[in-house]
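J.: Handing you a structure now.
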Amino acid sequence: MNRRKPIPATPEQRDAQRHVVAIIKANSVLNRGGLALWRPDSEDIYNTADADAVAAGLELLGVHSTIVTRYMPPQSYERRMRKGREVRVSWSELATLVNWMPSLKERMEGLPEDASTVFEFPFFEPRPEGMAVCQGAFASRWPWWTEKQARRMGLFCVDCDCDLRAEDRVAYLIANAEGRKRLHCGDCCNDGLDALEALTKGQRTGR
């Protein structure tokens, strides 16, 4: 039986393979929704490839990806969160990537059955038109941030100080008297219903 010979890769594909695989091994997040790779919006010496370069390399390998703007916690010497762009590859596209990166298959098979299928941090926000379902613009690494990093990104309830990343917690974005919006757990804000009622009442009275 004659076996079909693999199609030889072009020099450009081999270069893309070496570049992309190295970055994925060092920085990627994987769940059952796919793979995500965050790159900072900066030109410092440690930023060896921006999101566009990674996406272009993946495209050369026949792997489709999307890019979204997302934020990471500030470094210890920084005050503001770091803005960057995240390259995301859906689970259905990973079979093609495995052809270029065989070690990825082991990571995929090692994921638990109940592993998350989403990358976004979900929360609710009371609005005059009703309770809105929202997603935080956090990098997909948010479930693995340290406590200090999560605090700097506001992922702890401002009232009871619980970690809002816990599975038994639901987050609500509530504005205080000064209009500053912060995340609260459902236990501390009555699941956002009080704030929603106040907004609805204000809308009826024209305030």
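Ordering of the structure tokens sets the chain letters (A, B, ...), residue numbers begin anew at 1 in every chain, and ligands are numbered from 1 in the order given.
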Can you pull out the residues contacting A:Leu164? Cut-off 12 Å, using only C-alpha atoms, and skip same-chain residues under 4 positions away; I want them as a list of chain:residue names.
T.: A:Phe121, A:Pro122, A:Phe123, A:Trp142, A:Pro143, A:Glu147, A:Ala150, A:Arg151, A:Met153, A:Gly154, A:Leu155, A:Phe156, A:Cys157, A:Val158, A:Asp159, A:Cys160, A:Asp168, A:Arg169, A:Val170, A:Ala171, A:Tyr172, A:Leu173, A:Arg182, A:Leu183, A:His184, A:Cys185, A:Gly186, A:Asp187, A:Cys188
J.: Mind dumping the selected residues with C-alpha atoms as a compact mmCIF listing (two decimals), in the first residue's frame?
T.:
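out12.txt, freshly written:
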# COMPACT_ATOMS: atom_id res chain seq x y z
CA PHE A 121 -14.85 36.96 32.85
CA PRO A 122 -18.66 37.27 33.12
CA PHE A 123 -20.56 39.79 35.25
CA TRP A 142 -7.43 35.80 34.54
CA PRO A 143 -8.39 32.52 36.32
CA GLU A 147 -4.44 37.14 44.48
CA ALA A 150 -6.61 39.88 40.79
CA ARG A 151 -6.98 42.57 43.44
CA MET A 153 -7.69 44.29 38.51
CA GLY A 154 -10.69 44.72 40.82
CA LEU A 155 -11.75 41.07 40.90
CA PHE A 156 -12.50 41.04 44.63
CA CYS A 157 -15.83 42.19 46.08
CA VAL A 158 -15.45 45.72 47.44
CA ASP A 159 -17.73 44.86 50.37
CA CYS A 160 -16.88 41.39 51.69
CA ASP A 168 -19.96 29.97 43.60
CA ARG A 169 -19.71 33.74 43.16
CA VAL A 170 -21.59 35.97 40.72
CA ALA A 171 -20.20 39.45 40.05
CA TYR A 172 -22.25 42.63 39.64
CA LEU A 173 -20.89 45.98 38.48
CA ARG A 182 -16.96 48.54 41.16
CA LEU A 183 -17.58 44.80 41.28
CA HIS A 184 -19.66 43.34 44.10
CA CYS A 185 -20.71 39.78 44.85
CA GLY A 186 -24.42 38.94 44.68
CA ASP A 187 -24.69 38.44 48.45
CA CYS A 188 -23.51 41.98 49.14
J.: Could you name the residues that touch stretch 97-100 of chain A at 10 Å or less, counting only C-alpha atoms, but leaving out those on the same chain fewer than 6 positions away, as a list in words?
T.: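 Result of the neighbour search: Gln13, Arg14, Ala16, Gln17, Arg18, Val20, Val21, Leu58, Leu61, Gly62, Val63, His64, Val89, Glu106 and Met108 of chain A.
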J.: Please produce an output containing C-alpha atoms for each residue in the selection, written as a PDB file, in the first residue's frame.
T.:
ATOM      1  CA  GLN A  13       6.128  28.085   6.879  1.00  0.00           C
ATOM      2  CA  ARG A  14       9.126  26.619   8.679  1.00  0.00           C
ATOM      3  CA  ALA A  16       6.538  30.691  11.071  1.00  0.00           C
ATOM      4  CA  GLN A  17       6.471  27.289  12.763  1.00  0.00           C
ATOM      5  CA  ARG A  18       9.621  27.963  14.785  1.00  0.00           C
ATOM      6  CA  VAL A  20       4.840  30.675  16.629  1.00  0.00           C
ATOM      7  CA  VAL A  21       5.465  27.369  18.406  1.00  0.00           C
ATOM      8  CA  LEU A  58      -0.631  31.133  12.165  1.00  0.00           C
ATOM      9  CA  LEU A  61       0.348  27.472   8.814  1.00  0.00           C
ATOM     10  CA  GLY A  62      -3.291  27.328   7.753  1.00  0.00           C
ATOM     11  CA  VAL A  63      -4.634  28.158  11.218  1.00  0.00           C
ATOM     12  CA  HIS A  64      -7.346  30.825  11.427  1.00  0.00           C
ATOM     13  CA  VAL A  89      -7.588  30.101  18.053  1.00  0.00           C
ATOM     14  CA  GLU A 106      -0.797  16.137  24.835  1.00  0.00           C
ATOM     15  CA  MET A 108      -5.355  19.051  24.782  1.00  0.00           C
TER      16      MET A 108
END
J.: Skipping near chain neighbours, those fewer than 6 positions away, what residues fall within 9 Å of A:Ser90 using only C-alpha atoms, listed as a ChimeraX atom specification?
T.: /A:32-36,64-66
J.: Quick one: pull the distance between atom CA of A:Arg180 and atom CA of A:Glu120, Å, one decimal.
T.: 22.3 Å
J.: Rank nothing, just name the residue among A:Glu129, A:Asn27, A:Pro8, A:Leu60 nearest to A:Lys201, using only C-alpha atoms.
T.: A:Glu129
J.: Using atom CA of A:Val68 and atom CA of A:Ala132 as the two end points, give the distance in Å to one decimal.
T.: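 Interatomic distance here is 21.0 Å.
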J.: Would you please give, as an MDAnalysis selection string, all residues of chain A that DSSP assigns to strand (DSSP E) based on the backbone?
T.: chainID A and resid 29:31 34:40 66:72 82:90 121:127 130:136 171:175 181:185
J.: Measure the distance from atom CA of A:Ala55 to atom CA of A:Thr10 in Å and round it to one decimal.
T.: 17.6 Å
J.: Restricting the calculation to only C-alpha atoms: of A:Asp41, A:Asp114, A:Asp52, A:Asp194, which residue gets closest to A:Arg82?
T.: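 Comparing A:Asp41, A:Asp114, A:Asp52, A:Asp194 against A:Arg82, the winner is A:Asp41.
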J.: DSSP says helix (DSSP H, G or I) for which residues of stretch 7-200 of chain A? Put them as an MDAnalysis selection string?
T.: chainID A and resid 11:27 51:60 91:100 103:109 142:144 147:152 186:200
